[in-house]
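Below is query.pdb, holding PDB, C-alpha atoms and all ligand atoms.
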ATOM      1  CA  MET A  12      66.778  66.395 111.239
ATOM      2  CA  SER A  13      66.014  63.611 108.730
ATOM      3  CA  GLU A  14      62.557  63.020 107.283
ATOM      4  CA  VAL A  15      60.018  60.849 109.150
ATOM      5  CA  LEU A  16      59.235  57.401 107.674
ATOM      6  CA  LYS A  17      56.353  55.412 109.137
ATOM      7  CA  ILE A  18      56.487  51.620 108.781
ATOM      8  CA  PHE A  19      53.196  49.832 109.521
ATOM      9  CA  LYS A  20      52.841  46.081 110.053
ATOM     10  CA  ILE A  21      49.491  44.271 109.980
ATOM     11  CA  GLY A  22      48.899  40.639 110.808
ATOM     12  CA  GLY A  23      46.595  37.830 109.841
ATOM     13  CA  GLY A  24      43.722  38.746 112.193
ATOM     14  CA  ILE A  25      42.916  41.990 110.362
ATOM     15  CA  ILE A  26      43.786  40.721 106.868
ATOM     16  CA  ASP A  27      41.328  37.843 107.269
ATOM     17  CA  ASP A  28      38.369  40.212 107.738
ATOM     18  CA  PRO A  29      37.621  42.088 104.469
ATOM     19  CA  ASP A  30      35.690  44.944 106.176
ATOM     20  CA  GLN A  31      38.396  45.518 108.785
ATOM     21  CA  LEU A  32      41.140  45.350 106.149
ATOM     22  CA  ARG A  33      39.382  47.944 103.986
ATOM     23  CA  PHE A  34      38.832  50.204 107.024
ATOM     24  CA  PHE A  35      42.497  49.929 108.118
ATOM     25  CA  LEU A  36      43.760  50.746 104.604
ATOM     26  CA  GLY A  37      41.423  53.760 104.434
ATOM     27  CA  GLU A  38      42.855  55.025 107.741
ATOM     28  CA  LEU A  39      46.395  54.342 106.463
ATOM     29  CA  ALA A  40      45.628  56.439 103.372
ATOM     30  CA  ARG A  41      44.922  59.392 105.739
ATOM     31  CA  VAL A  42      48.387  59.158 107.345
ATOM     32  CA  GLY A  43      50.619  61.841 105.819
ATOM     33  CA  GLY A  44      54.267  61.608 104.756
ATOM     34  CA  LYS A  45      56.415  58.693 103.640
ATOM     35  CA  LYS A  46      55.134  55.252 104.611
ATOM     36  CA  ILE A  47      55.683  51.522 104.081
ATOM     37  CA  LEU A  48      53.301  48.640 104.801
ATOM     38  CA  VAL A  49      54.429  45.122 105.764
ATOM     39  CA  HIS A  50      51.735  42.466 105.927
ATOM     40  CA  GLY A  51      51.568  38.934 107.295
ATOM     41  CA  GLY A  52      48.613  36.643 106.748
ATOM     42  CA  GLY A  53      49.424  33.660 108.953
ATOM     43  CA  LYS A  54      45.797  33.106 110.013
ATOM     44  CA  GLY A  55      44.483  32.878 106.446
ATOM     45  CA  ALA A  56      47.427  30.666 105.472
ATOM     46  CA  ASN A  57      46.517  28.257 108.292
ATOM     47  CA  GLU A  58      42.936  28.069 106.981
ATOM     48  CA  LEU A  59      44.064  27.571 103.377
ATOM     49  CA  LEU A  60      46.564  24.860 104.353
ATOM     50  CA  ALA A  61      43.906  23.088 106.462
ATOM     51  CA  SER A  62      41.453  23.172 103.526
ATOM     52  CA  LEU A  63      44.132  21.407 101.454
ATOM     53  CA  GLY A  64      44.493  18.746 104.152
ATOM     54  CA  MET A  65      47.839  20.123 105.397
ATOM     55  CA  LEU A  66      48.212  20.640 109.130
ATOM     56  CA  PRO A  67      49.846  24.021 109.896
ATOM     57  CA  ASN A  68      52.934  23.505 112.077
ATOM     58  CA  MET A  69      54.356  26.453 114.061
ATOM     59  CA  ILE A  70      57.297  26.337 116.498
ATOM     60  CA  ASN A  71      58.323  29.464 118.480
ATOM     61  CA  GLY A  72      56.074  31.593 116.279
ATOM     62  CA  ARG A  73      57.724  30.385 113.064
ATOM     63  CA  ARG A  74      56.058  28.148 110.478
ATOM     64  CA  ILE A  75      57.765  24.883 109.574
ATOM     65  CA  THR A  76      57.812  25.429 105.819
ATOM     66  CA  ASP A  77      58.350  22.387 103.586
ATOM     67  CA  ALA A  78      58.388  22.721  99.775
ATOM     68  CA  VAL A  79      54.608  22.316  99.334
ATOM     69  CA  THR A  80      53.858  24.724 102.202
ATOM     70  CA  LEU A  81      56.243  27.250 100.607
ATOM     71  CA  ASP A  82      54.293  26.991  97.324
ATOM     72  CA  VAL A  83      50.988  27.574  99.129
ATOM     73  CA  VAL A  84      52.177  30.498 101.274
ATOM     74  CA  THR A  85      53.925  32.143  98.296
ATOM     75  CA  MET A  86      50.666  32.017  96.321
ATOM     76  CA  PHE A  87      48.743  33.315  99.322
ATOM     77  CA  TYR A  88      51.065  36.042 100.712
ATOM     78  CA  ALA A  89      52.854  37.294  97.554
ATOM     79  CA  GLY A  90      49.832  36.646  95.306
ATOM     80  CA  LYS A  91      46.292  37.035  96.578
ATOM     81  CA  THR A  92      46.939  38.946  99.827
ATOM     82  CA  ASN A  93      49.587  41.355  98.520
ATOM     83  CA  LYS A  94      47.670  42.186  95.335
ATOM     84  CA  GLN A  95      44.336  42.608  97.155
ATOM     85  CA  ILE A  96      45.955  45.049  99.604
ATOM     86  CA  VAL A  97      47.570  47.003  96.757
ATOM     87  CA  ALA A  98      44.227  47.181  94.900
ATOM     88  CA  LEU A  99      42.448  48.498  98.025
ATOM     89  CA  LEU A 100      45.189  51.104  98.569
ATOM     90  CA  GLN A 101      44.835  52.215  94.935
ATOM     91  CA  GLN A 102      41.094  52.572  95.564
ATOM     92  CA  ALA A 103      41.914  54.712  98.618
ATOM     93  CA  GLY A 104      44.075  56.990  96.451
ATOM     94  CA  VAL A 105      47.514  55.674  97.485
ATOM     95  CA  ASN A 106      49.962  54.658  94.749
ATOM     96  CA  ALA A 107      51.092  51.378  96.357
ATOM     97  CA  LEU A 108      53.601  48.938  94.890
ATOM     98  CA  GLY A 109      53.509  45.293  96.043
ATOM     99  CA  LEU A 110      56.848  43.573  96.606
ATOM    100  CA  SER A 111      58.328  40.293  97.739
ATOM    101  CA  GLY A 112      61.956  40.347  98.851
ATOM    102  CA  ALA A 113      63.007  39.051  95.413
ATOM    103  CA  ASP A 114      61.607  42.073  93.545
ATOM    104  CA  GLY A 115      64.434  44.545  93.000
ATOM    105  CA  ASN A 116      66.502  42.255  95.291
ATOM    106  CA  VAL A 117      64.973  44.354  98.049
ATOM    107  CA  ILE A 118      65.264  41.769 100.876
ATOM    108  CA  ARG A 119      67.832  38.987 100.602
ATOM    109  CA  ALA A 120      67.542  36.396 103.365
ATOM    110  CA  SER A 121      69.430  33.268 104.361
ATOM    111  CA  LYS A 122      67.777  29.920 104.946
ATOM    112  CA  ARG A 123      67.601  29.228 108.660
ATOM    113  CA  PRO A 124      70.290  26.626 109.480
ATOM    114  CA  VAL A 125      69.029  23.232 110.674
ATOM    115  CA  GLY A 126      69.495  23.003 114.454
ATOM    116  CA  GLU A 127      67.294  21.195 116.957
ATOM    117  CA  VAL A 128      64.426  22.085 114.638
ATOM    118  CA  ASP A 129      64.491  21.988 110.830
ATOM    119  CA  TYR A 130      62.274  24.932 109.862
ATOM    120  CA  GLY A 131      62.615  24.158 106.152
ATOM    121  CA  PHE A 132      62.339  27.111 103.761
ATOM    122  CA  VAL A 133      62.332  29.839 106.406
ATOM    123  CA  GLY A 134      64.436  32.968 105.889
ATOM    124  CA  ASP A 135      66.473  34.841 108.509
ATOM    125  CA  LEU A 136      67.354  38.490 107.930
ATOM    126  CA  GLN A 137      70.289  40.814 108.432
ATOM    127  CA  LYS A 138      69.785  44.534 108.004
ATOM    128  CA  GLN A 139      72.830  44.787 105.665
ATOM    129  CA  ASN A 140      70.880  42.667 103.165
ATOM    130  CA  ILE A 141      68.073  45.196 102.756
ATOM    131  CA  HIS A 142      68.443  47.190  99.512
ATOM    132  CA  THR A 143      67.816  50.586 101.107
ATOM    133  CA  ASP A 144      68.770  52.622  97.982
ATOM    134  CA  PHE A 145      65.939  50.929  96.065
ATOM    135  CA  ILE A 146      63.439  51.634  98.858
ATOM    136  CA  GLU A 147      64.557  55.266  98.967
ATOM    137  CA  LEU A 148      64.051  55.484  95.189
ATOM    138  CA  LEU A 149      60.468  54.195  95.507
ATOM    139  CA  LEU A 150      59.642  56.506  98.406
ATOM    140  CA  GLY A 151      61.180  59.441  96.489
ATOM    141  CA  GLY A 152      58.864  58.614  93.563
ATOM    142  CA  ASN A 153      55.831  58.870  95.892
ATOM    143  CA  LEU A 154      55.210  55.123  95.788
ATOM    144  CA  MET A 155      54.241  53.249  98.935
ATOM    145  CA  PRO A 156      56.031  49.873  99.107
ATOM    146  CA  VAL A 157      53.846  46.995 100.370
ATOM    147  CA  PHE A 158      55.937  44.026 101.499
ATOM    148  CA  CYS A 159      54.679  40.477 101.915
ATOM    149  CA  ALA A 160      56.356  37.759 104.016
ATOM    150  CA  ILE A 161      58.231  36.130 101.108
ATOM    151  CA  THR A 162      61.960  36.805 100.622
ATOM    152  CA  HIS A 163      64.699  35.142  98.529
ATOM    153  CA  ASP A 164      68.260  33.920  99.060
ATOM    154  CA  GLY A 165      69.886  35.303  95.875
ATOM    155  CA  HIS A 166      70.320  31.760  94.511
ATOM    156  CA  GLY A 167      66.810  31.334  93.187
ATOM    157  CA  GLN A 168      65.234  30.059  96.377
ATOM    158  CA  LEU A 169      62.149  31.774  97.841
ATOM    159  CA  LEU A 170      61.911  31.783 101.651
ATOM    160  CA  ASN A 171      59.058  32.316 104.117
ATOM    161  CA  THR A 172      59.919  35.030 106.658
ATOM    162  CA  ASN A 173      58.021  36.225 109.721
ATOM    163  CA  ALA A 174      56.357  39.552 108.901
ATOM    164  CA  ASP A 175      57.119  41.189 112.298
ATOM    165  CA  THR A 176      60.802  40.425 111.665
ATOM    166  CA  ILE A 177      60.616  41.944 108.159
ATOM    167  CA  ALA A 178      59.079  45.139 109.593
ATOM    168  CA  SER A 179      61.672  45.394 112.372
ATOM    169  CA  THR A 180      64.611  44.686 110.034
ATOM    170  CA  LEU A 181      63.389  47.250 107.467
ATOM    171  CA  ALA A 182      63.049  49.783 110.292
ATOM    172  CA  ARG A 183      66.590  49.101 111.550
ATOM    173  CA  ALA A 184      68.070  49.211 108.027
ATOM    174  CA  LEU A 185      66.371  52.533 107.209
ATOM    175  CA  ALA A 186      67.039  54.158 110.602
ATOM    176  CA  GLY A 187      70.253  55.813 109.313
ATOM    177  CA  ARG A 188      68.380  57.570 106.506
ATOM    178  CA  TYR A 189      65.046  58.465 108.064
ATOM    179  CA  GLN A 190      63.570  59.122 111.457
ATOM    180  CA  VAL A 191      61.727  55.775 111.508
ATOM    181  CA  GLU A 192      58.479  55.115 113.383
ATOM    182  CA  LEU A 193      57.582  51.424 113.541
ATOM    183  CA  HIS A 194      53.887  50.641 114.094
ATOM    184  CA  PHE A 195      52.803  47.091 114.967
ATOM    185  CA  CYS A 196      49.055  47.074 114.293
ATOM    186  CA  PHE A 197      46.816  44.232 115.447
ATOM    187  CA  GLU A 198      43.350  43.563 116.831
ATOM    188  CA  LYS A 199      43.796  44.848 120.408
ATOM    189  CA  ASP A 200      44.256  48.448 121.601
ATOM    190  CA  GLY A 201      47.912  47.919 122.592
ATOM    191  CA  VAL A 202      49.841  45.813 125.085
ATOM    192  CA  LEU A 203      47.261  44.963 127.749
ATOM    193  CA  ALA A 204      47.818  44.501 131.507
ATOM    194  CA  ASP A 205      44.910  42.010 131.321
ATOM    195  CA  VAL A 206      44.595  40.380 127.915
ATOM    196  CA  ASN A 207      40.809  40.047 128.421
ATOM    197  CA  ASP A 208      40.312  43.706 129.342
ATOM    198  CA  GLU A 209      40.557  46.048 126.357
ATOM    199  CA  SER A 210      40.633  49.075 128.698
ATOM    200  CA  SER A 211      43.885  47.926 130.385
ATOM    201  CA  VAL A 212      46.253  49.361 127.723
ATOM    202  CA  ILE A 213      49.773  49.970 129.073
ATOM    203  CA  PRO A 214      50.659  53.456 127.734
ATOM    204  CA  GLN A 215      54.449  52.935 127.947
ATOM    205  CA  ILE A 216      56.357  49.684 128.232
ATOM    206  CA  THR A 217      60.031  49.523 129.253
ATOM    207  CA  PRO A 218      62.361  46.468 129.280
ATOM    208  CA  THR A 219      61.966  46.243 133.095
ATOM    209  CA  LEU A 220      58.165  46.244 132.946
ATOM    210  CA  TYR A 221      58.274  43.780 130.017
ATOM    211  CA  ALA A 222      60.437  41.340 132.010
ATOM    212  CA  ALA A 223      58.061  41.535 135.005
ATOM    213  CA  LEU A 224      54.896  41.058 132.900
ATOM    214  CA  LYS A 225      56.491  38.181 130.970
ATOM    215  CA  ALA A 226      57.480  36.424 134.219
ATOM    216  CA  ARG A 227      53.859  36.769 135.448
ATOM    217  CA  GLY A 228      52.529  35.357 132.172
ATOM    218  CA  THR A 229      50.644  38.629 131.513
ATOM    219  CA  ILE A 230      52.431  38.979 128.180
ATOM    220  CA  ALA A 231      52.522  35.790 126.144
ATOM    221  CA  ALA A 232      52.211  34.152 122.754
ATOM    222  CA  GLY A 233      52.563  36.365 119.652
ATOM    223  CA  MET A 234      53.184  39.465 121.794
ATOM    224  CA  LEU A 235      56.591  38.119 122.922
ATOM    225  CA  PRO A 236      58.354  38.181 119.511
ATOM    226  CA  LYS A 237      56.605  41.489 118.738
ATOM    227  CA  LEU A 238      58.117  43.135 121.827
ATOM    228  CA  ASP A 239      61.509  41.469 121.287
ATOM    229  CA  ASN A 240      61.508  42.907 117.746
ATOM    230  CA  ALA A 241      60.389  46.282 119.144
ATOM    231  CA  PHE A 242      63.232  46.582 121.684
ATOM    232  CA  ALA A 243      65.771  45.360 119.075
ATOM    233  CA  ALA A 244      64.594  48.147 116.763
ATOM    234  CA  LEU A 245      64.971  50.839 119.452
ATOM    235  CA  ASP A 246      68.468  49.554 120.281
ATOM    236  CA  GLU A 247      69.467  50.094 116.652
ATOM    237  CA  GLY A 248      68.345  53.647 116.115
ATOM    238  CA  VAL A 249      64.630  53.373 115.321
ATOM    239  CA  ALA A 250      63.102  56.574 116.706
ATOM    240  CA  LYS A 251      59.749  55.240 117.933
ATOM    241  CA  VAL A 252      57.938  51.892 118.228
ATOM    242  CA  ILE A 253      54.179  51.806 118.732
ATOM    243  CA  ILE A 254      51.834  48.865 119.311
ATOM    244  CA  GLU A 255      48.248  49.732 118.454
ATOM    245  CA  ASN A 256      44.864  48.674 117.159
ATOM    246  CA  ALA A 257      44.839  48.504 113.342
ATOM    247  CA  LEU A 258      41.376  50.087 113.363
ATOM    248  CA  LYS A 259      42.482  53.019 115.566
ATOM    249  CA  ILE A 260      45.798  54.172 114.084
ATOM    250  CA  ASN A 261      44.552  57.773 113.938
ATOM    251  CA  GLU A 262      43.316  57.696 117.569
ATOM    252  CA  PRO A 263      45.444  58.435 120.669
ATOM    253  CA  VAL A 264      45.087  55.103 122.550
ATOM    254  CA  LYS A 265      48.192  52.899 122.016
ATOM    255  CA  THR A 266      51.309  51.473 123.680
ATOM    256  CA  ILE A 267      54.647  53.218 123.157
ATOM    257  CA  VAL A 268      57.675  50.958 123.563
ATOM    258  CA  CYS A 269      60.471  52.756 125.471
ATOM    259  CA  ARG A 270      64.090  51.833 126.160
ATOM    260  CA  ALA A 271      63.998  53.008 129.799
TER     261      ALA A 271
HETATM  262  N1  LIG B   1      49.471  41.395 127.259
HETATM  263  C1  LIG B   1      49.034  41.250 126.007
HETATM  264  N2  LIG B   1      48.477  42.286 125.358
HETATM  265  C2  LIG B   1      48.006  42.166 124.089
HETATM  266  N3  LIG B   1      48.064  41.017 123.385
HETATM  267  C3  LIG B   1      48.628  39.940 123.966
HETATM  268  C4  LIG B   1      49.146  40.020 125.296
HETATM  269  N4  LIG B   1      49.649  38.793 125.618
HETATM  270  C5  LIG B   1      49.443  38.003 124.564
HETATM  271  N5  LIG B   1      48.834  38.663 123.562
HETATM  272  C6  LIG B   1      48.461  38.056 122.283
HETATM  273  O1  LIG B   1      49.360  38.450 121.271
HETATM  274  C7  LIG B   1      48.636  38.436 120.047
HETATM  275  C8  LIG B   1      49.362  39.276 119.000
HETATM  276  O2  LIG B   1      50.351  38.542 118.357
HETATM  277  P1  LIG B   1      50.073  37.798 116.967
HETATM  278  O3  LIG B   1      48.950  36.850 117.116
HETATM  279  O4  LIG B   1      51.390  37.262 116.531
HETATM  280  O5  LIG B   1      49.603  39.010 116.067
HETATM  281  P2  LIG B   1      49.790  39.295 114.521
HETATM  282  O6  LIG B   1      49.408  38.030 113.764
HETATM  283  O7  LIG B   1      48.890  40.444 114.289
HETATM  284  O8  LIG B   1      51.232  39.643 114.329
HETATM  285  C9  LIG B   1      47.285  38.978 120.394
HETATM  286  O9  LIG B   1      46.282  38.570 119.506
HETATM  287  C10 LIG B   1      47.068  38.450 121.814
HETATM  288  O10 LIG B   1      46.259  37.311 121.809
HETATM  289  C1  LIG B   2      58.354  31.844 108.892
HETATM  290  C2  LIG B   2      56.969  32.290 109.283
HETATM  291  O1  LIG B   2      56.500  31.953 110.357
HETATM  292  N1  LIG B   2      56.307  33.058 108.421
HETATM  293  C3  LIG B   2      54.994  33.582 108.662
HETATM  294  C4  LIG B   2      54.730  34.679 107.666
HETATM  295  C5  LIG B   2      53.387  35.335 107.809
HETATM  296  C6  LIG B   2      53.246  36.121 109.105
HETATM  297  O2  LIG B   2      54.201  36.507 109.766
HETATM  298  O3  LIG B   2      51.934  36.420 109.389
HETATM  299  P1  LIG B   2      51.321  37.149 110.666
HETATM  300  O4  LIG B   2      52.020  38.455 110.818
HETATM  301  O5  LIG B   2      49.906  37.301 110.291
HETATM  302  O6  LIG B   2      51.536  36.245 111.869
HETATM  303  C7  LIG B   2      53.937  32.459 108.504
HETATM  304  O7  LIG B   2      53.967  31.736 107.516
HETATM  305  O8  LIG B   2      53.018  32.427 109.354
END
Could you take the file, read its structure, and then write that structure out as C-alpha cells?
Amino acid sequence: MSEVLKIFKIGGGIIDDPDQLRFFLGELARVGGKKILVHGGGKGANELLASLGMLPNMINGRRITDAVTLDVVTMFYAGKTNKQIVALLQQAGVNALGLSGADGNVIRASKRPVGEVDYGFVGDLQKQNIHTDFIELLLGGNLMPVFCAITHDGHGQLLNTNADTIASTLARALAGRYQVELHFCFEKDGVLADVNDESSVIPQITPTLYAALKARGTIAAGMLPKLDNAFAALDEGVAKVIIENALKINEPVKTIVCRA
C-alpha cells in the first residue's frame, strides 16, 4: 500500500481573517505525515482590486483576468498571501516552501481559449503537466509545498488559476504515487442540507444525492465547482475527498464525498 498524502485547500474566507488563518495553520501543523497546502485568496483580491478602483468580474466562478488584474493578483496570491502563510507555518514548526506553478516548472497551464467569454490570463490544467517528480523530491526532503493560484504557460506568461482546480489536479496527478486524501476546507462544517443551518451537515454525499440537491437549489454557488472537482478526483484514483470546516480539521464533523 502506498504512503498517504493529504492535500488541503483553503479559500479566501479563512485567509482574510488573520486569527482564523493562524488557527487553521496551527491545526494543520498537528496533522501527521506528508501534506501539501493549496490556497486561494479570491475574497481579499476582490477587496484589493476594489480599493484600486477595479471592479472584480467573475463568470462561472472564474475571474476575468486582464493584464492589470493579473499583476495585482500575482502580487497578492504569490506574494503577500503565500509568504504570510509560509511564515506562519514556519512559526508553527512546519518547514513550508511557497510555490507558484512557475517555480521548478511545477504546474504548467494553458491559457483558456477565447470562446463565448474571453477570460483573459486564466490558466486551465491537465494532470500530465504537473511535475510530480519535483513534488515527490520536496515531500521526501520533509518540506511542505504551499501552492498559490498562479501558474505559468512555459512561454513566460503567468496565468491565474482557480485554487480548487489546482488542488484537484494535484490530487489526480499524485494519485498514482500516493494514497491521496483531498481536503476542501472552508468556513462551514461541510456540505449542508440547509445552508443557513450549521447543524445540517450531510455526512456522505454521492453523485445521486448531489444531483437531487443541485436541482432543488440546496447546493449552489461556490459549492458546485468544489463538488464537481471532488467527483472528478474520485473518478481518477484519489482515495478520499473531504469537505470540512478549516477550523475543525482535527474534529470528526465533515462531509465525505463518495462515488456511490
Ligand atoms: N449546501 C451548501 N453547503 C455549504 N455551502 C454551500 C452550500 N451551497 C452553497 N454553498 C456556498 O458555497 C460556498 C463555498 O464555496 P466558495 O465560496 O467558492 O469557497 P472557497 O472560497 O473557500 O473556495 C460557501 O461559502 C457557501 O456559501
Ligand atoms: C481564475 C480564477 O478565478 N482564479 C481565482 C484564484 C483564487 C481562488 O481560487 O481563490 P478562492 O479559493 O479563495 O476562491 C481568483 O482570482 O479568484
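The shell of residues at most 10 Å from Val133 (chain A), with all atoms listed in the file counted and near chain neighbours (fewer than 2 positions) removed, consists of Arg73, Arg74, Ile75, Thr76, Asp77, Leu81, Ala120, Ser121, Lys122, Arg123, Pro124, Asp129, Tyr130, Gly131, Asp135, Ile161, Thr162, His163, Leu169, Leu170, Asn171, Thr172 and Asn173 of chain A.
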Next, dump the selected residues to file, keeping only C-alpha atoms, as a compact mmCIF listing (two decimals), keeping the file's coordinate frame.
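The file below, selection.txt, is the result:
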# COMPACT_ATOMS: atom_id res chain seq x y z
CA ARG A 73 57.72 30.38 113.06
CA ARG A 74 56.06 28.15 110.48
CA ILE A 75 57.76 24.88 109.57
CA THR A 76 57.81 25.43 105.82
CA ASP A 77 58.35 22.39 103.59
CA LEU A 81 56.24 27.25 100.61
CA ALA A 120 67.54 36.40 103.36
CA SER A 121 69.43 33.27 104.36
CA LYS A 122 67.78 29.92 104.95
CA ARG A 123 67.60 29.23 108.66
CA PRO A 124 70.29 26.63 109.48
CA ASP A 129 64.49 21.99 110.83
CA TYR A 130 62.27 24.93 109.86
CA GLY A 131 62.62 24.16 106.15
CA ASP A 135 66.47 34.84 108.51
CA ILE A 161 58.23 36.13 101.11
CA THR A 162 61.96 36.80 100.62
CA HIS A 163 64.70 35.14 98.53
CA LEU A 169 62.15 31.77 97.84
CA LEU A 170 61.91 31.78 101.65
CA ASN A 171 59.06 32.32 104.12
CA THR A 172 59.92 35.03 106.66
CA ASN A 173 58.02 36.22 109.72
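Proximity ranking of A:Thr266, A:Asn140, A:Ser13, A:Asn68 relative to ligand LIG 2 (chain B) places A:Asn68 first, based on only C-alpha atoms and all ligand atoms.
A straight line drawn from CA of Lys199 (chain A) to CA of Asp239 (chain A) is 18.1 Å long.
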In Å to one decimal, how far is CA of Gly43 (chain A) from CA of Glu147 (chain A)?
-> 16.9 Å
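Counting only C-alpha atoms and all ligand atoms, the residue from A:Gly228, A:Pro263, A:Gly44, A:Gly134 that sits nearest to ligand LIG 2 (chain B) is A:Gly134.
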Region 99-110 of chain A from the block above, N, CA and C atoms, as an mmCIF file, in the first residue's frame, please?
data_model
loop_
_atom_site.group_PDB
_atom_site.id
_atom_site.type_symbol
_atom_site.label_atom_id
_atom_site.label_comp_id
_atom_site.auth_asym_id
_atom_site.auth_seq_id
_atom_site.Cartn_x
_atom_site.Cartn_y
_atom_site.Cartn_z
ATOM 1 N N LEU A 99 3.807 31.817 8.779
ATOM 2 C CA LEU A 99 3.022 31.296 9.911
ATOM 3 C C LEU A 99 3.256 29.799 10.096
ATOM 4 N N LEU A 100 3.440 29.065 8.988
ATOM 5 C CA LEU A 100 3.741 27.630 9.112
ATOM 6 C C LEU A 100 5.120 27.423 9.735
ATOM 7 N N GLN A 101 6.083 28.276 9.352
ATOM 8 C CA GLN A 101 7.418 28.175 9.974
ATOM 9 C C GLN A 101 7.295 28.408 11.476
ATOM 10 N N GLN A 102 6.476 29.395 11.847
ATOM 11 C CA GLN A 102 6.267 29.678 13.280
ATOM 12 C C GLN A 102 5.675 28.458 13.995
ATOM 13 N N ALA A 103 4.795 27.736 13.255
ATOM 14 C CA ALA A 103 4.148 26.553 13.847
ATOM 15 C C ALA A 103 5.048 25.316 13.779
ATOM 16 N N GLY A 104 6.273 25.475 13.289
ATOM 17 C CA GLY A 104 7.222 24.361 13.303
ATOM 18 C C GLY A 104 7.198 23.499 12.055
ATOM 19 N N VAL A 105 6.546 23.987 10.980
ATOM 20 C CA VAL A 105 6.480 23.205 9.734
ATOM 21 C C VAL A 105 7.422 23.845 8.722
ATOM 22 N N ASN A 106 8.304 23.051 8.111
ATOM 23 C CA ASN A 106 9.199 23.611 7.096
ATOM 24 C C ASN A 106 8.470 23.689 5.757
ATOM 25 N N ALA A 107 7.763 24.811 5.542
ATOM 26 C CA ALA A 107 6.945 25.018 4.345
ATOM 27 C C ALA A 107 7.753 25.726 3.272
ATOM 28 N N LEU A 108 7.406 25.428 2.011
ATOM 29 C CA LEU A 108 8.073 26.071 0.878
ATOM 30 C C LEU A 108 6.996 26.616 -0.058
ATOM 31 N N GLY A 109 6.958 27.934 -0.232
ATOM 32 C CA GLY A 109 5.928 28.565 -1.071
ATOM 33 C C GLY A 109 6.264 28.465 -2.546
ATOM 34 N N LEU A 110 5.259 28.129 -3.360
ATOM 35 C CA LEU A 110 5.496 27.936 -4.792
ATOM 36 C C LEU A 110 4.361 28.519 -5.629
#
